[in-house]
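Structure file protein25.cif; described as mmCIF, C-alpha atoms.
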data_entry
#
loop_
_atom_site.label_atom_id
_atom_site.label_comp_id
_atom_site.auth_asym_id
_atom_site.auth_seq_id
_atom_site.Cartn_x
_atom_site.Cartn_y
_atom_site.Cartn_z
CA MET A 6 -151.64 120.03 50.95
CA LEU A 7 -155.15 118.66 50.49
CA GLY A 8 -154.02 116.75 47.41
CA PHE A 9 -151.14 115.19 49.34
CA ILE A 10 -153.46 114.13 52.17
CA GLY A 11 -155.90 112.54 49.74
CA GLN A 12 -153.11 110.75 47.91
CA GLU A 13 -151.70 109.42 51.17
CA ALA A 14 -155.10 108.15 52.29
CA MET A 15 -155.28 106.04 49.13
CA HIS A 16 -151.60 105.11 49.39
CA ALA A 17 -152.16 103.70 52.90
CA GLN A 18 -154.11 100.83 51.38
CA ALA A 19 -151.12 99.96 49.20
CA HIS A 20 -148.90 99.92 52.29
CA ASP A 21 -151.17 97.36 53.95
CA GLY A 22 -151.07 95.10 50.90
CA ALA A 23 -147.30 95.39 50.58
CA ALA A 24 -146.76 94.55 54.26
CA GLU A 25 -148.95 91.47 53.94
CA HIS A 26 -147.09 90.37 50.80
CA LEU A 27 -143.69 90.78 52.47
CA GLU A 28 -144.84 88.90 55.58
CA ASN A 29 -146.10 86.05 53.39
CA ALA A 30 -142.69 85.98 51.69
CA GLY A 31 -141.01 85.50 55.09
CA LEU A 32 -139.85 89.06 55.72
CA PRO A 33 -140.90 90.23 59.20
CA VAL A 34 -142.13 93.77 58.58
CA ARG A 35 -144.70 93.93 61.39
CA PRO A 36 -142.19 95.28 63.96
CA PHE A 37 -141.35 98.11 61.55
CA VAL A 38 -145.05 98.75 60.91
CA ALA A 39 -145.63 98.92 64.67
CA GLN A 40 -142.84 101.49 65.01
CA MET A 41 -144.32 103.63 62.24
CA GLU A 42 -147.77 103.44 63.83
CA TRP A 43 -146.27 104.67 67.10
CA ILE A 44 -144.51 107.53 65.31
CA PHE A 45 -147.70 108.61 63.57
CA ARG A 46 -149.84 108.38 66.72
CA ARG A 47 -147.47 109.70 69.38
CA LEU A 48 -144.99 111.97 67.66
CA LEU A 49 -147.08 113.20 64.76
CA GLY A 50 -150.52 113.04 66.34
CA ASN A 51 -152.73 115.98 67.13
CA ARG A 52 -151.46 118.41 69.72
CA ARG A 53 -153.89 120.64 71.56
CA GLY A 54 -153.09 124.27 71.11
CA ALA A 55 -150.55 123.60 68.37
CA GLY A 56 -150.54 126.23 65.71
CA ARG A 57 -149.89 126.43 62.02
CA GLU A 58 -146.17 125.79 62.46
CA TRP A 59 -146.89 122.34 63.92
CA LEU A 60 -149.12 121.48 60.96
CA ILE A 61 -146.39 122.51 58.52
CA GLU A 62 -143.75 120.55 60.44
CA ARG A 63 -146.02 117.52 60.59
CA LEU A 64 -146.62 117.64 56.85
CA ALA A 65 -142.88 117.93 56.19
CA VAL A 66 -142.08 114.91 58.37
CA VAL A 67 -144.77 112.77 56.74
CA ALA A 68 -143.52 113.74 53.27
CA ALA A 69 -139.96 112.82 54.30
CA ILE A 70 -141.10 109.46 55.68
CA GLU A 71 -142.91 108.70 52.43
CA HIS A 72 -139.86 109.40 50.34
#
What does this structure look like when you write it as structure tokens?
Amino acid sequence: MLGFIGQEAMHAQAHDGAAEHLENAGLPVRPFVAQMEWIFRRLLGNRRGAGREWLIERLAVVAAIEH
């Protein structure tokens, strides 16, 4: 799990560069990026009192989104 988190932190930089490249090519990806930011903040954000099951579910959803 720690390896996946570290890899995703580095991968996030690649996402930013790809979004900028696509926007420069005339493909409007910013609305999609905004939706993903909302998902990560609101749906997958920290939940007070959430236990281990929430962490596992969160990891599974992020892995699915990435693939």
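One finds atom CA of A:Ala17 at 15.4 Å from atom CA of A:Gln40.
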### Task
Would you mind telling me which residue in A:Val66, A:Ala24, A:Ala19, A:Ala55 lies nearest to A:Ala39 when using only C-alpha atoms?
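Residue with the minimum atom-to-atom distance to A:Ala39: A:Ala24.
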### Query
Which residues come within 12 Å of stretch 45-54 of chain A, counting all atoms listed in the file, excluding same-chain residues fewer than 5 positions away, as number ranges by chain?
A: 38-40, 59-67, 70
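Taken over the whole file, the PyMOL selection byres ((chain A and resi 6-10) around 10) covers exactly Gly11, Gln12, Glu13, Ala14, Met15, His16, Ile61, Leu64, Val67 and Ala68 of chain A.
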Where's the centre, and what are the edge lengths in Å to one decimal, of a box along x, y and z enclosing all listed atoms of stretch 10-28 of chain A padded 5 Å per side, as lines of an AutoDock Vina configuration file?
center_x = -149.8
center_y = 101.5
center_z = 51.7
size_x = 22.2
size_y = 35.2
size_z = 17.7
#### Entry: Point-to-point distance from atom CA of A:Gln18 to atom CA of A:His72, Å rounded to tenths
16.7 Å
#### Entry: Distance in Å - atom CA of A:Arg35 versus atom CA of A:His20
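Separating atom CA of A:Arg35 from atom CA of A:His20 is a distance of 11.7 Å.
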### Message
I'd like the contact shell of A:Val34 - 10 Å cut-off, only C-alpha atoms, skipping same-chain residues fewer than 5 positions apart - returned as a list in words.
### Response
Ala23, Ala24, Glu25, His26, Leu27, Glu28 and Ala39 of chain A
